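Asks: To start, I am sharing the structure in question, which I have written as structure tokens.
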Amino acid sequence: MAEHISSDKLAALAKDEYKKIEGRIADGSLTNKDRMALALQEMPSEEPKVRARRMTEVALGYTREQAVVEANRCLQCKNRPCVGGCPVNVQIPEFIAQVARGEFKSAADIIKQTNLLPAICGRVCPQEKQCQAQCTLGKAAKDVEKSVCIGRLERFVADYERSNNLMTAPSVAPSTGKKVAVIGSGPAGLTVAADCRRAGHDVTVFEAFHKAGGVMVYGIPEFRLPKEIVAKEVESLKDMGVKFEMNTLVGRTATVQQILTEKGFDAAFVGTGAGLPKFFNIPGENYIGVFSANEYLTRANLMKAYDTDRADTPFYQAKTVVVCGGGNVAMDAARMALRLGAEKVYVVYRRTRSEMPARREEVDHAEEEGVEFRFLENPVEILGSAEEGKVTGIRALSYELGEPDSSGRRRPVEIKGSEHDIACDAVIVALGNNSNPLIPRTTPEIKTDSHGHITVDERQATSMTKVWAGGDIVLGAATVILAMGEGRKAAASINDYLAGKS
């Protein structure tokens, strides 16, 4: 684990680096060799032991100098491989070129041509598996961690625009008289709402919760994605004329068919996400103190259980917490447990660190904050008190890695006779989610696959006329940017349909 460097020191280093190249930026004399010699700009963050007990954002964002230096690392490749790695085709070299010159508002405008949620994507998207994975610098170094930090630059320009009150609502075409219903206000739904509204359609978003944002408000913690940022993005949609109907559970309060007929909508998009948590189905999962990561994070994020002075949301107080899983949600749950007062938090994962699907940055942050990782272990039973019915620990097996499975990762193979107990008073299961079953169950015209995911064609159209779908309800649990990519495809298809082009 690398030593934590203070934000002040990182800022000072960036200032020194900037001074060395300031004149050459102005006269355009930086060569590719010069650019490749520039130091990668680390993301400043709060001191680990302090932030581990606070809900404030961990990553603090670049300074101006850090952003300009990092942007000048970009080689402006003519074949633009990074763009091909972006699910919404952000014009990455173009926006980075603007940052390199200090034209931050222009950079934000370029991003927003294809992505209306840059402050969110810059924080939570797995750039290292997408745009940054294609970066020429990273490939030259044979290390994606040395790619241009595209996500950090995206976040910087979005934050610059917002903090300087430069945000403007996108232009909207003249009214078409057509009505589009968007079911679910997660990243896919908000993207569809924006693109359909830009085309001049009357758009209404139906959301089951009392706040818009989907997984961005109930799943991703405040310390990783401040809810104020999500609220700002929703406000920008309202400024465009998008309407929101909250506390509306489609499939209960109204069916999709009723929305299209009784409510008079001409098209509907289903983006209800993957909200049905998976469990191990092992003995003891009914003990008090066993939670899905969904419930645990929703109580803390959407219902603000951590804010005991102002919220009455009950939460389960535990001194020792075991989190089962190796993805970003497991990291979020483990780090949240610390912030809710746990003295010890373990992450139990049946493979090793290198096979973990979680972003490396999230794993590093968790470890810095004091989360302990127990690799090559997995629970086979949850232990509890017969008298109180509460969790007292887990019984786990040890594993070793065998041959790769269908995912390409080495398969965990149990070691016979390796059973051992880990004492704890809460267990959080973070094994992923299945798709929300409510709409397919109440709308049989919409076909699903064997996993309960809505099936769609190449343009996100479902088997039901006038209905499109995208995001986690189609993909299973995926990422914000992949959901947005599906939303963009669906919106383009809806707009073509309503214009009589398909």
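Chain labels run A, B, ... following the order of the structure tokens; each chain numbers its residues from 1, and ligands are numbered from 1 in the order shown.
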Find the residues around region 284-300 of chain A up to 7 Å (only C-alpha atoms counted), leave out those fewer than 6 positions away in its own chain, and share them as a list in words.
Replies: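 Everything that qualifies: Tyr218, Gly219, Pro277, Tyr306, Thr313, Tyr316, Ala333, Glu381, Ile382, Leu383, Gly384, Gly389, Lys390, Val391, Asp425, Ala426, Val427, Ile428, Val429 and Ala430 of chain A.
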Asks: I'd like the neighbourhood of region 26-43 of chain A as a PyMOL selection string, where a residue qualifies if any of its atoms comes within 10 Å (using only C-alpha atoms), though same-chain residues fewer than 3 positions away should be ignored.
Replies: chain A and resi 5+7+10-11+13-14+17-18+21-23+58-63+65-76+100-101+137+140-141+145-149+152+361
Asks: With only C-alpha atoms as the basis for distance, which of A:Pro118, A:Leu190, A:Thr479, A:Glu233 is at the shortest distance from Val329 (chain A)?
Replies: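 Smallest separation from Val329 (chain A) among the options: A:Thr479.
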Asks: Can you list every residue in region 262-494 of chain A that DSSP puts in strand (DSSP E), as a PyMOL selection string?
Replies: chain A and resi 267-270+276-277+290-292+320-324+344-349+372-375+377-384+391-404+410-414+420-423+426-429+433-434+467-469
Asks: With distances taken over only C-alpha atoms, which of A:Met331, A:Glu128, A:Gly85, A:Arg395 is nearest to Asp143 (chain A)?
Replies: A:Glu128
Asks: What is the CA of Ser6 (chain A) to CA of His365 (chain A) distance in Å?
Replies: 14.1 Å
Asks: Using only C-alpha atoms for the distances, tell me which of A:Ile439, A:Cys424, A:Ala268, A:Val348 is nearest to Thr253 (chain A).
Replies: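 Among A:Ile439, A:Cys424, A:Ala268, A:Val348, it is A:Ile439 that comes nearest to Thr253 (chain A).
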Asks: Contacts of region 349-351 of chain A at 8 Å or less, counting only C-alpha atoms, minus same-chain residues fewer than 3 places along, as a PyMOL selection string?
Replies: chain A and resi 324-326+355-356+373-378+398-401+410-412
Asks: Between CA of Thr448 (chain A) and CA of Ile473 (chain A), what is the distance, to one decimal in Å?
Replies: 9.6 Å
